[in-house]
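Single-structure report; data block below.
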Amino acid sequence: MALLDVRNLRVRFETHHGVVRAVDGVSFSLEEGETLGLVGESGSGKSVTNLSLMGLVPQPPGVVEADALTLEGRSILEMSDEELRRVRGNEVSMIFQDPMTSLNPLLTIGRQLTEVLEVHERVTRREARRRAAKGLDDVGIPEPEKRLDQYPHELSGGMRQRVMIAMGLLCSPKVLLADEPTTALDVTIQAQILELMKSLQESHGTAIVLVTHDLGVVAGMSDRVNVMYAGKLVETASAEALFESPRHPYTAGLLGSVPRLTGDTGAALDSIPGSPPDLAALPGGCAFRPRCGQAIDRCASEVPPLHVLGSSSSPRRTACFEHARLGGAAAQGGDA
Amino acid sequence: MAPTDIEGSSRWALDEAEAKRLQKEARQFKGESLWTDARRRLRRNRTASFAMWFLVMFGGTSVLAPLLPLPSPKALSLRDDAAPPEWPWAEPAPLPKPPAKGTAATKATRNLWNNGWRHRTTLVVDAADTAALERAASWAADLTGRAPVVEVHAAGSGGLEGYLSVPMLRDDVPRVDYAELSDGGSVNTWDVAASEGRDAFSVISLSLIDAEGESFDPALVSAAQADVRGRRLRVLLSRATSVEGRAAWLVEAELRNGLAHPVDVILVGGRIVSEGPGLTDAARSGEQSARARLSEGIEHADLGRRAAASLAAAPIDGVRYAGTSYEDGYWPFTGLVGALDDLLIEARIAIFGSWQTGNWMGTDSKGRDLMSRIVWGSRTSILVALIASACSLLIGVLYGAFSGFVGGRVDNLMMRIVDILYSIPFIFVVIFLITMVQGLAEARPDLEIDRELVFFLVIGAIYWLTMARVVRGQVLSLKNTEFIEAARVMGASTLRILLTHVVPNVLSIVIVYLTLTIPAIMLFEAFLSFLGLGVEPPKVSWGLLAVDGTQVINPIKSYWWLVVFPALAMGSTLLALNVLGDGLRDALDPKMRGRS
Ligand SMILES: Nc1ncnc2c1ncn2[C@@H]1O[C@H](COP(=O)(O)OP(=O)(O)O)[C@@H](O)[C@H]1O
Ligand SMILES: [Mg+2]
């Protein structure tokens, strides 16, 4: 049984400006110890997907529906508030994009770390403190005992993100949702943090959902990658396969817009023309069609489903008529 | 046995090591608390800690007011003018010059009879029996070392009654004349004798009894004539206190303005002598409360007891001891505070005896000691500030935090309620409420409604509104910060988030806002008291003192002390509050850690 199973997740926000379908029919599953990348432009519903995994989509205005949304077979949608609270931070935890604002400025690091343990486990204060110090040590913070008595503003951004990661892992959760954990950090720190997450994942066996819009981050970290566009999954593949041969034009566009050190440095980046659609007023058919260079007539009238492509050993799906045909042909060719 | 011993001792040794570690850990934990940190930071902030000590001192002075050797804050004296401050080492100021006849005499009368004599020992004699009167007077003089005031009243039975009263001050030794009033009743004139070479002056008092010996018709307002010591006095009689809903001074002013012919004396109901001393059973038996003793000065208070005892031991023919009446020098508190105050007064008597400070800050126009009034007035002001800020803290912060945090429809509803309350013109509500309460208290004295308490609560009920708004706004912006979201993601309950994350983060705003609220409350209290809706004279608050001060500002004679001292007291307290608030805000901000 998959650790986390998401089938046909739909989240909509009923706002004054109309219904925003932030997540529309997303399905994936997460195995123990796996890292799943979730990629897409801003507003494509990555954070909302994460929040619904924690039962934290604000309701109202949000409405969350799914054929299945289970953590180890237990339905998150059917959990009571109390059960949800016990899951949060304990079995599923989350780290945020901006470490500068995700720590309470008035509480010491130690206080904030021990709070997690206080909430979830019956531990004495000094046991909590010992574990908090160990947590800090694990994420590579020097002099953890001293840090415990410091306030967030006394730490650098990278340090704070380490604290956040330590906090997220304190109760040894099974799933860590990392919502753009490195976006607010500068590049060298980014690399350190990613490195840290990777090694922690290996030692703790935690499954990670890594949300990012940075394909470089995904390439280094993820086993599998889900590409989202306008609330829908448009492509899902193993990291290597995706980078080797992107099948969806949007994925290709994303890859094309990543700066590379090799090749012609003078060449302009291929950016995707146009801008992400308004989720409250999606065009019919494929949401990417207005920005797509390979659209065919069918794209305007029908929403392309996720086609299974490739071999069963590396399952791969894409939601594009063109590439389903091409990939399908390739797959057929392979079979033949 | 031995193994257990060994086990026991080793366990003990372990425990000790454990205890040491625990202690060390406890010390480490100390650094963790925001509050300990804040306290340290506050202590390092010189100005703020100075302000705090100042406030603590001021608060202590106000709480311990009964312990301090201050004159009674409501005891009037025979002065006709506010006296300037005197140096502590200076001789007590002499009695003022004799007042001009007429209105000044009225004022002196009022002072003398209503409040100036805080202690009267009354002997009743048959007025026709001049010998008895003489005997009683000389007896009283021998006993007390000063001449008694002799008053003659129409007795209830139709005859005349003489009263001998021993004045409190050595200088007030009056001679009394008595004249029949054409309308019934009598006029008394005292010459306050010049015992130490000072000018004598006359004081005129009036006893209103109509021809039938009934009390004077309250509705009647008329001018009367009386011959007193060869002088024809025009006297205006009025029972103004029974003019409902009108203050006595208002009626007096109206009468004075509306009267065609000049009057020498205006006597308004409450000042009529014939109402006589209210003798309580306790006073009759010569007992007295600590409070009464204090207001009298211990020596003087003893006079009554001595008179009673002496008269009981050696009765004088035709002289009857009627009792000793005292006036409280303080406003009584009931319950716990009252009991504490009584204890403090006992302590004061034990420590200082009858010694009390002079008028170091001068007196007001009624001769009341200003320093004493400032100290006692601070009790009212501090109390009202405390109650109102407690309301504003408790209701305002909880209401605002809840509303902001829950959000949505609940927030909307709660804030509309605040809007509605805001839109009510509160001054009218306060006036209405307090008038109602006053009416109710008069109609049903058995309910024992404390008007002041109602007044305090009304003020408290207003001042939480802004606090609720401020807190809600703050919480709204906090709610969307990532650390609140992070706490939720961590699995913290709403209550925990509110208490450990939201409330501490709004605290600095709350504290700063409170230090702004307290002055506002004090001023509001002053305003209401000025309108006659708050603290009632002779009780006093800083607000009332300030009002008194501003009323005597005039270009001819400056009563600067009436302005300067109350303003200093209030100003320095408010300044200290502001400085402390500022310091607290810094202290509660961990970003200031390490800086001083
Ligand atoms: N509380 C909310 N109310 C209304 N709309 C929301 C809310 N939260 C998110 N959305 C909408 O959902 C869409 C997806 O948002 P999000 O998941 O945050 O994107 P991203 O992929 O950048 O993380 C956005 O268009 C946003 O406007
Ligand atoms: Mg996002």
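So you can find residues: chains in the structure tokens are A, B, ... in the order shown, residues in each start at 1, and ligands are numbered from 1 in order.
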
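Once only C-alpha atoms and all ligand atoms are used for the distance check, the residues close to ligand 1 at 6 Å turn out to be Phe13, Ala22, Ser42, Gly43, Ser44, Gly45, Lys46, Ser47, Val48, Pro58 and Leu279 of chain A.
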
Test item: residues at most 12 Å from Leu36 of chain A, only C-alpha atoms, excluding those fewer than 5 positions along its chain, as a PDB file with N, CA and C atoms, in the first residue's frame:
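The resulting file, out.pdb, is reproduced below:
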ATOM      1  N   LEU A   4       1.066   7.419   0.689  1.00  0.00           N
ATOM      2  CA  LEU A   4       0.112   8.487   0.447  1.00  0.00           C
ATOM      3  C   LEU A   4      -0.530   8.197  -0.897  1.00  0.00           C
ATOM      4  N   PHE A  28      -1.828  10.997  -7.646  1.00  0.00           N
ATOM      5  CA  PHE A  28      -0.465  10.459  -7.568  1.00  0.00           C
ATOM      6  C   PHE A  28      -0.378   9.630  -6.299  1.00  0.00           C
ATOM      7  N   SER A  29       0.700   8.908  -6.174  1.00  0.00           N
ATOM      8  CA  SER A  29       0.900   8.206  -4.916  1.00  0.00           C
ATOM      9  C   SER A  29       2.361   8.335  -4.534  1.00  0.00           C
ATOM     10  N   LEU A  30       2.592   8.165  -3.249  1.00  0.00           N
ATOM     11  CA  LEU A  30       3.923   8.370  -2.720  1.00  0.00           C
ATOM     12  C   LEU A  30       4.304   7.135  -1.917  1.00  0.00           C
ATOM     13  N   GLU A  31       5.466   6.582  -2.260  1.00  0.00           N
ATOM     14  CA  GLU A  31       5.930   5.401  -1.517  1.00  0.00           C
ATOM     15  C   GLU A  31       6.856   5.852  -0.383  1.00  0.00           C
ATOM     16  N   ASN A  50      -0.633  20.556  -1.582  1.00  0.00           N
ATOM     17  CA  ASN A  50       0.028  20.230  -0.322  1.00  0.00           C
ATOM     18  C   ASN A  50      -0.870  20.466   0.878  1.00  0.00           C
ATOM     19  N   VAL A 175       5.930  11.636   6.046  1.00  0.00           N
ATOM     20  CA  VAL A 175       5.929  12.456   4.846  1.00  0.00           C
ATOM     21  C   VAL A 175       6.342  13.870   5.212  1.00  0.00           C
ATOM     22  N   LEU A 176       7.231  14.428   4.417  1.00  0.00           N
ATOM     23  CA  LEU A 176       7.599  15.829   4.620  1.00  0.00           C
ATOM     24  C   LEU A 176       7.199  16.589   3.367  1.00  0.00           C
ATOM     25  N   LEU A 177       6.335  17.564   3.554  1.00  0.00           N
ATOM     26  CA  LEU A 177       5.933  18.381   2.418  1.00  0.00           C
ATOM     27  C   LEU A 177       6.802  19.630   2.428  1.00  0.00           C
ATOM     28  N   ALA A 178       7.632  19.775   1.410  1.00  0.00           N
ATOM     29  CA  ALA A 178       8.524  20.925   1.366  1.00  0.00           C
ATOM     30  C   ALA A 178       8.027  21.861   0.281  1.00  0.00           C
ATOM     31  N   ASP A 179       7.450  22.972   0.730  1.00  0.00           N
ATOM     32  CA  ASP A 179       6.863  23.907  -0.235  1.00  0.00           C
ATOM     33  C   ASP A 179       7.888  24.971  -0.584  1.00  0.00           C
ATOM     34  N   THR A 206      12.240   9.282   5.331  1.00  0.00           N
ATOM     35  CA  THR A 206      11.032  10.085   5.134  1.00  0.00           C
ATOM     36  C   THR A 206      10.754  10.250   3.642  1.00  0.00           C
ATOM     37  N   ALA A 207       9.473  10.190   3.313  1.00  0.00           N
ATOM     38  CA  ALA A 207       9.100  10.506   1.937  1.00  0.00           C
ATOM     39  C   ALA A 207       8.932  12.010   1.825  1.00  0.00           C
ATOM     40  N   ILE A 208       9.373  12.541   0.691  1.00  0.00           N
ATOM     41  CA  ILE A 208       9.320  13.995   0.551  1.00  0.00           C
ATOM     42  C   ILE A 208       8.500  14.374  -0.666  1.00  0.00           C
ATOM     43  N   VAL A 209       7.620  15.340  -0.489  1.00  0.00           N
ATOM     44  CA  VAL A 209       6.995  15.975  -1.642  1.00  0.00           C
ATOM     45  C   VAL A 209       7.659  17.326  -1.779  1.00  0.00           C
ATOM     46  N   LEU A 210       8.408  17.484  -2.852  1.00  0.00           N
ATOM     47  CA  LEU A 210       9.202  18.692  -3.011  1.00  0.00           C
ATOM     48  C   LEU A 210       8.537  19.593  -4.029  1.00  0.00           C
ATOM     49  N   VAL A 211       7.967  20.656  -3.518  1.00  0.00           N
ATOM     50  CA  VAL A 211       7.304  21.600  -4.406  1.00  0.00           C
ATOM     51  C   VAL A 211       8.315  22.649  -4.831  1.00  0.00           C
ATOM     52  N   THR A 212       8.358  22.908  -6.108  1.00  0.00           N
ATOM     53  CA  THR A 212       9.295  23.947  -6.550  1.00  0.00           C
ATOM     54  C   THR A 212       8.914  24.393  -7.952  1.00  0.00           C
ATOM     55  N   VAL A 217      16.410  22.086  -9.092  1.00  0.00           N
ATOM     56  CA  VAL A 217      16.233  21.494  -7.781  1.00  0.00           C
ATOM     57  C   VAL A 217      15.617  20.108  -7.918  1.00  0.00           C
ATOM     58  N   VAL A 218      14.594  20.034  -8.744  1.00  0.00           N
ATOM     59  CA  VAL A 218      13.886  18.775  -8.919  1.00  0.00           C
ATOM     60  C   VAL A 218      14.828  17.720  -9.479  1.00  0.00           C
ATOM     61  N   ALA A 219      15.644  18.128 -10.440  1.00  0.00           N
ATOM     62  CA  ALA A 219      16.520  17.171 -11.115  1.00  0.00           C
ATOM     63  C   ALA A 219      17.448  16.496 -10.127  1.00  0.00           C
ATOM     64  N   GLY A 220      17.965  17.287  -9.177  1.00  0.00           N
ATOM     65  CA  GLY A 220      18.912  16.717  -8.245  1.00  0.00           C
ATOM     66  C   GLY A 220      18.268  15.860  -7.180  1.00  0.00           C
ATOM     67  N   MET A 221      17.023  16.144  -6.845  1.00  0.00           N
ATOM     68  CA  MET A 221      16.421  15.560  -5.663  1.00  0.00           C
ATOM     69  C   MET A 221      15.444  14.423  -5.924  1.00  0.00           C
ATOM     70  N   SER A 222      14.640  14.580  -6.981  1.00  0.00           N
ATOM     71  CA  SER A 222      13.428  13.762  -7.044  1.00  0.00           C
ATOM     72  C   SER A 222      13.651  12.426  -7.718  1.00  0.00           C
ATOM     73  N   ASP A 223      12.835  11.464  -7.285  1.00  0.00           N
ATOM     74  CA  ASP A 223      12.747  10.214  -8.026  1.00  0.00           C
ATOM     75  C   ASP A 223      11.772  10.377  -9.173  1.00  0.00           C
ATOM     76  N   ARG A 224      10.642  10.947  -8.850  1.00  0.00           N
ATOM     77  CA  ARG A 224       9.624  11.170  -9.863  1.00  0.00           C
ATOM     78  C   ARG A 224       9.200  12.619  -9.850  1.00  0.00           C
ATOM     79  N   VAL A 225       8.690  13.075 -10.969  1.00  0.00           N
ATOM     80  CA  VAL A 225       8.294  14.472 -11.070  1.00  0.00           C
ATOM     81  C   VAL A 225       6.866  14.566 -11.607  1.00  0.00           C
ATOM     82  N   ASN A 226       6.051  15.383 -10.931  1.00  0.00           N
ATOM     83  CA  ASN A 226       4.730  15.720 -11.454  1.00  0.00           C
ATOM     84  C   ASN A 226       4.773  17.160 -11.927  1.00  0.00           C
ATOM     85  N   VAL A 227       4.346  17.368 -13.148  1.00  0.00           N
ATOM     86  CA  VAL A 227       4.296  18.736 -13.653  1.00  0.00           C
ATOM     87  C   VAL A 227       2.845  19.185 -13.627  1.00  0.00           C
ATOM     88  N   THR A 236       3.741  13.297 -15.816  1.00  0.00           N
ATOM     89  CA  THR A 236       4.405  12.684 -14.676  1.00  0.00           C
ATOM     90  C   THR A 236       5.358  11.620 -15.186  1.00  0.00           C
ATOM     91  N   ALA A 237       6.591  11.680 -14.681  1.00  0.00           N
ATOM     92  CA  ALA A 237       7.614  10.766 -15.179  1.00  0.00           C
ATOM     93  C   ALA A 237       8.732  10.688 -14.174  1.00  0.00           C
ATOM     94  N   SER A 238       9.618   9.741 -14.344  1.00  0.00           N
ATOM     95  CA  SER A 238      10.808   9.716 -13.507  1.00  0.00           C
ATOM     96  C   SER A 238      11.651  10.925 -13.892  1.00  0.00           C
ATOM     97  N   ALA A 239      12.472  11.359 -12.944  1.00  0.00           N
ATOM     98  CA  ALA A 239      13.222  12.582 -13.177  1.00  0.00           C
ATOM     99  C   ALA A 239      14.078  12.499 -14.425  1.00  0.00           C
TER     100      ALA A 239
END

Top pick for closest residue to chain A, considering B:Glu485, B:Asp586, B:Asp342, B:Asp419 and counting only C-alpha atoms: B:Glu485

Interface residues on chain A facing chain B, 7 Å, only C-alpha atoms, written as JSON, numbers by chain: {"A": [85, 86, 88, 89, 93, 94, 101, 102, 103, 104, 106, 107, 108, 116, 119, 149, 151, 153]}

Using the selection just defined, write its residues with all heavy atoms as a CSV table (one decimal), in the first residue's frame.
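Resulting contents of again17.csv:
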chain,number,residue,atom,x,y,z
A,85,ARG,N,-5.1,17.0,13.7
A,85,ARG,CA,-4.1,17.6,14.5
A,85,ARG,C,-3.0,16.6,14.9
A,85,ARG,O,-1.8,17.0,15.0
A,85,ARG,CB,-4.6,18.3,15.8
A,85,ARG,CG,-5.3,19.6,15.5
A,85,ARG,CD,-5.2,20.5,16.7
A,85,ARG,NE,-5.8,20.0,17.9
A,85,ARG,CZ,-5.1,19.5,18.9
A,85,ARG,NH1,-3.8,19.7,18.9
A,85,ARG,NH2,-5.7,19.0,20.0
A,86,ARG,N,-3.4,15.4,15.1
A,86,ARG,CA,-2.4,14.4,15.5
A,86,ARG,C,-1.6,14.0,14.3
A,86,ARG,O,-0.4,13.6,14.5
A,86,ARG,CB,-3.1,13.2,16.2
A,86,ARG,CG,-2.8,13.2,17.7
A,86,ARG,CD,-3.5,12.0,18.4
A,86,ARG,NE,-4.9,12.3,18.7
A,86,ARG,CZ,-5.9,11.5,18.5
A,86,ARG,NH1,-5.7,10.4,17.8
A,86,ARG,NH2,-7.1,11.9,18.8
A,88,ARG,N,-0.8,16.0,11.8
A,88,ARG,CA,0.0,17.2,11.4
A,88,ARG,C,1.3,17.3,12.3
A,88,ARG,O,1.2,17.2,13.5
A,88,ARG,CB,-0.7,18.5,11.5
A,88,ARG,CG,-1.8,18.7,10.5
A,88,ARG,CD,-2.6,20.0,10.8
A,88,ARG,NE,-3.8,19.9,10.2
A,88,ARG,CZ,-4.9,20.6,10.6
A,88,ARG,NH1,-4.8,21.3,11.8
A,88,ARG,NH2,-6.0,20.5,10.0
A,89,GLY,N,2.4,17.4,11.6
A,89,GLY,CA,3.6,17.6,12.4
A,89,GLY,C,4.1,16.3,12.9
A,89,GLY,O,5.3,16.2,13.3
A,93,SER,N,4.6,16.4,8.0
A,93,SER,CA,4.9,17.8,8.3
A,93,SER,C,5.3,18.6,7.1
A,93,SER,O,5.5,18.0,6.0
A,93,SER,CB,5.9,17.8,9.5
A,93,SER,OG,7.1,17.3,9.0
A,94,MET,N,5.5,19.8,7.3
A,94,MET,CA,5.6,20.7,6.2
A,94,MET,C,6.7,21.8,6.5
A,94,MET,O,6.7,22.3,7.6
A,94,MET,CB,4.2,21.4,6.0
A,94,MET,CG,4.1,22.1,4.7
A,94,MET,SD,2.3,22.4,4.4
A,94,MET,CE,2.4,23.3,2.9
A,101,THR,N,10.0,34.3,8.0
A,101,THR,CA,8.7,34.6,8.6
A,101,THR,C,8.0,33.3,9.2
A,101,THR,O,6.9,33.4,9.7
A,101,THR,CB,7.7,35.2,7.6
A,101,THR,OG1,7.6,34.3,6.5
A,101,THR,CG2,8.2,36.6,7.1
A,102,SER,N,8.6,32.2,9.0
A,102,SER,CA,7.9,31.0,9.4
A,102,SER,C,8.3,30.6,10.9
A,102,SER,O,7.9,29.6,11.3
A,102,SER,CB,8.1,29.8,8.5
A,102,SER,OG,9.4,29.7,8.1
A,103,LEU,N,9.1,31.4,11.5
A,103,LEU,CA,9.4,31.2,12.9
A,103,LEU,C,8.8,32.4,13.7
A,103,LEU,O,8.9,33.5,13.3
A,103,LEU,CB,10.9,31.1,13.2
A,103,LEU,CG,11.5,29.8,12.7
A,103,LEU,CD1,13.0,29.9,12.7
A,103,LEU,CD2,11.1,28.6,13.6
A,104,ASN,N,8.2,32.1,14.9
A,104,ASN,CA,7.7,33.1,15.7
A,104,ASN,C,8.8,34.0,16.3
A,104,ASN,O,9.7,33.5,17.0
A,104,ASN,CB,6.9,32.5,16.8
A,104,ASN,CG,6.2,33.5,17.7
A,104,ASN,OD1,6.5,34.7,17.7
A,104,ASN,ND2,5.1,33.1,18.4
A,106,LEU,N,9.0,36.0,18.6
A,106,LEU,CA,9.0,36.2,20.1
A,106,LEU,C,9.4,35.0,20.9
A,106,LEU,O,9.6,35.1,22.1
A,106,LEU,CB,7.6,36.7,20.5
A,106,LEU,CG,7.2,38.0,20.1
A,106,LEU,CD1,5.9,38.4,20.8
A,106,LEU,CD2,8.3,39.0,20.5
A,107,LEU,N,9.5,33.8,20.2
A,107,LEU,CA,9.9,32.6,21.0
A,107,LEU,C,11.3,32.2,20.6
A,107,LEU,O,11.7,32.3,19.4
A,107,LEU,CB,8.9,31.5,20.7
A,107,LEU,CG,7.4,31.8,21.0
A,107,LEU,CD1,6.6,30.6,20.8
A,107,LEU,CD2,7.3,32.2,22.5
A,108,THR,N,12.0,31.6,21.6
A,108,THR,CA,13.3,31.1,21.2
A,108,THR,C,13.2,29.9,20.4
A,108,THR,O,12.1,29.2,20.3
A,108,THR,CB,14.1,30.7,22.5
A,108,THR,OG1,13.3,29.8,23.2
A,108,THR,CG2,14.3,31.9,23.4
A,116,VAL,N,6.6,21.4,19.4
A,116,VAL,CA,6.1,20.3,18.5
A,116,VAL,C,6.0,19.0,19.3
A,116,VAL,O,5.1,18.3,19.2
A,116,VAL,CB,7.1,20.1,17.4
A,116,VAL,CG1,6.6,19.1,16.4
A,116,VAL,CG2,7.4,21.4,16.7
A,119,VAL,N,3.2,19.1,21.7
A,119,VAL,CA,1.9,18.8,21.1
A,119,VAL,C,1.6,17.3,20.9
A,119,VAL,O,0.5,16.8,21.1
A,119,VAL,CB,1.8,19.6,19.8
A,119,VAL,CG1,0.6,19.2,19.0
A,119,VAL,CG2,1.7,21.1,20.1
A,149,ASP,N,18.6,28.7,22.9
A,149,ASP,CA,18.2,29.9,23.6
A,149,ASP,C,18.2,31.2,22.8
A,149,ASP,O,18.0,32.3,23.3
A,149,ASP,CB,19.1,30.1,24.9
A,149,ASP,CG,18.8,29.0,25.9
A,149,ASP,OD1,17.7,28.5,25.9
A,149,ASP,OD2,19.8,28.6,26.6
A,151,TYR,N,16.9,33.7,19.6
A,151,TYR,CA,15.7,34.0,18.9
A,151,TYR,C,15.9,33.9,17.4
A,151,TYR,O,17.0,34.1,17.0
A,151,TYR,CB,15.2,35.4,19.3
A,151,TYR,CG,14.7,35.5,20.7
A,151,TYR,CD1,15.5,35.8,21.8
A,151,TYR,CD2,13.4,35.2,21.0
A,151,TYR,CE1,15.0,35.8,23.1
A,151,TYR,CE2,12.8,35.2,22.3
A,151,TYR,CZ,13.7,35.5,23.3
A,151,TYR,OH,13.2,35.5,24.6
A,153,HIS,N,15.7,35.9,15.0
A,153,HIS,CA,16.4,37.0,14.3
A,153,HIS,C,17.9,36.9,14.5
A,153,HIS,O,18.7,37.6,13.8
A,153,HIS,CB,15.9,38.4,14.8
A,153,HIS,CG,16.3,38.7,16.2
A,153,HIS,ND1,15.5,38.4,17.2
A,153,HIS,CD2,17.4,39.3,16.6
A,153,HIS,CE1,16.1,38.8,18.3
A,153,HIS,NE2,17.3,39.3,18.0

Backbone DSSP call of alpha helix (DSSP H) for segment 48-121 of chain A, listed as a count of residues only: 25

Selection: 7 Å around Trp360 of chain B, only C-alpha atoms, excl. self and same-chain fewer than 5 positions, as a list in words: Pro85, Glu86, Trp87, Pro88 and Met371 of chain B

Please dump the current selection as a PDB file, in the first residue's frame; keep N, CA and C atoms.
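Written out: result.pdb:
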ATOM      1  N   PRO B  85       1.488  77.560  49.840  1.00  0.00           N
ATOM      2  CA  PRO B  85       2.271  76.520  50.515  1.00  0.00           C
ATOM      3  C   PRO B  85       3.124  77.133  51.613  1.00  0.00           C
ATOM      4  N   GLU B  86       3.307  76.386  52.673  1.00  0.00           N
ATOM      5  CA  GLU B  86       4.204  76.855  53.722  1.00  0.00           C
ATOM      6  C   GLU B  86       5.347  75.871  53.830  1.00  0.00           C
ATOM      7  N   TRP B  87       6.509  76.385  54.175  1.00  0.00           N
ATOM      8  CA  TRP B  87       7.653  75.512  54.336  1.00  0.00           C
ATOM      9  C   TRP B  87       7.432  74.604  55.523  1.00  0.00           C
ATOM     10  N   PRO B  88       7.955  73.409  55.448  1.00  0.00           N
ATOM     11  CA  PRO B  88       7.746  72.474  56.557  1.00  0.00           C
ATOM     12  C   PRO B  88       8.218  73.041  57.891  1.00  0.00           C
ATOM     13  N   MET B 371      -1.885  68.883  49.657  1.00  0.00           N
ATOM     14  CA  MET B 371      -1.054  67.683  49.552  1.00  0.00           C
ATOM     15  C   MET B 371      -1.871  66.454  49.906  1.00  0.00           C
TER      16      MET B 371
END

Within 12 Å of Tyr559 of chain B, counting only C-alpha atoms, which residues show up once you throw out same-chain ones fewer than 5 positions away? Write them as a short mmCIF file (atom, residue, chain, number, x, y, z; two decimals) with N, CA, C and O atoms, in the first residue's frame, please.
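Wrote it out as around22.cif, contents follow:
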data_model
loop_
_atom_site.label_atom_id
_atom_site.label_comp_id
_atom_site.auth_asym_id
_atom_site.auth_seq_id
_atom_site.Cartn_x
_atom_site.Cartn_y
_atom_site.Cartn_z
N ASP B 81 -9.70 82.10 52.21
CA ASP B 81 -8.96 82.19 50.98
C ASP B 81 -8.00 81.02 50.95
O ASP B 81 -7.61 80.49 52.00
N ALA B 82 -7.63 80.62 49.76
CA ALA B 82 -6.66 79.54 49.66
C ALA B 82 -5.33 80.02 50.22
O ALA B 82 -4.91 81.13 49.94
N ALA B 83 -4.69 79.19 51.01
CA ALA B 83 -3.43 79.59 51.60
C ALA B 83 -2.29 79.04 50.77
O ALA B 83 -2.34 77.91 50.30
N PRO B 84 -1.25 79.83 50.57
CA PRO B 84 -0.11 79.35 49.78
C PRO B 84 0.65 78.28 50.55
O PRO B 84 0.48 78.14 51.76
N PRO B 85 1.49 77.56 49.84
CA PRO B 85 2.27 76.52 50.52
C PRO B 85 3.12 77.13 51.61
O PRO B 85 3.60 78.26 51.49
N MET B 361 1.78 72.08 50.64
CA MET B 361 1.44 72.45 49.26
C MET B 361 0.31 73.46 49.26
O MET B 361 -0.37 73.63 48.26
N GLY B 362 0.10 74.08 50.38
CA GLY B 362 -0.96 75.07 50.45
C GLY B 362 -2.32 74.44 50.67
O GLY B 362 -2.44 73.23 50.82
N THR B 363 -3.32 75.29 50.69
CA THR B 363 -4.68 74.78 50.84
C THR B 363 -5.52 75.30 49.69
O THR B 363 -5.13 76.24 49.00
N ASP B 364 -6.65 74.67 49.51
CA ASP B 364 -7.54 75.19 48.47
C ASP B 364 -8.46 76.25 49.08
O ASP B 364 -8.32 76.62 50.25
N SER B 365 -9.39 76.72 48.28
CA SER B 365 -10.18 77.87 48.72
C SER B 365 -11.06 77.54 49.92
O SER B 365 -11.61 78.42 50.55
N LEU B 370 -3.88 70.72 50.39
CA LEU B 370 -3.76 70.28 49.01
C LEU B 370 -2.96 69.00 48.89
O LEU B 370 -3.32 68.08 48.14
N ASP B 548 -10.51 72.23 39.85
CA ASP B 548 -10.42 73.27 40.88
C ASP B 548 -9.34 74.27 40.53
O ASP B 548 -9.52 75.48 40.65
N GLY B 549 -8.20 73.73 40.11
CA GLY B 549 -7.06 74.59 39.78
C GLY B 549 -7.39 75.54 38.65
O GLY B 549 -7.12 76.74 38.74
N THR B 550 -8.01 75.01 37.60
CA THR B 550 -8.28 75.88 36.46
C THR B 550 -9.32 76.93 36.81
O THR B 550 -9.33 78.01 36.24
N GLN B 551 -10.17 76.60 37.78
CA GLN B 551 -11.22 77.56 38.11
C GLN B 551 -10.68 78.79 38.84
O GLN B 551 -11.32 79.83 38.83
N VAL B 552 -9.55 78.64 39.50
CA VAL B 552 -9.07 79.80 40.25
C VAL B 552 -8.03 80.60 39.48
O VAL B 552 -7.48 81.55 40.01
N ILE B 553 -7.77 80.18 38.24
CA ILE B 553 -6.82 80.96 37.47
C ILE B 553 -7.45 82.32 37.17
O ILE B 553 -8.51 82.39 36.56
N ASN B 554 -6.84 83.36 37.64
CA ASN B 554 -7.33 84.69 37.30
C ASN B 554 -6.16 85.65 37.37
O ASN B 554 -5.16 85.40 38.04
N VAL B 564 -0.29 74.12 39.94
CA VAL B 564 1.00 73.47 39.72
C VAL B 564 1.08 72.08 40.35
O VAL B 564 1.45 71.12 39.68
N PHE B 565 0.68 71.96 41.61
CA PHE B 565 0.89 70.67 42.27
C PHE B 565 0.04 69.55 41.69
O PHE B 565 0.56 68.48 41.38
#

Surrounding residues of Leu155 of chain A excluding itself and chain neighbours under 2 positions, 12 Å, only C-alpha atoms, as a PyMOL selection string: (chain A and resi 99-100+103+105+108-109+141-142+144+146-153+157-164) or (chain B and resi 591)

Filtered DSSP result for segment 191-274 of chain A, state strand (DSSP E), as a list of chain:residue names: A:Ala207, A:Ile208, A:Val209, A:Leu210, A:Val211, A:Thr212, A:Arg224, A:Val225, A:Asn226, A:Val227, A:Met228, A:Tyr229, A:Lys232, A:Leu233, A:Val234, A:Glu235, A:Thr236, A:Ala237, A:Ser238
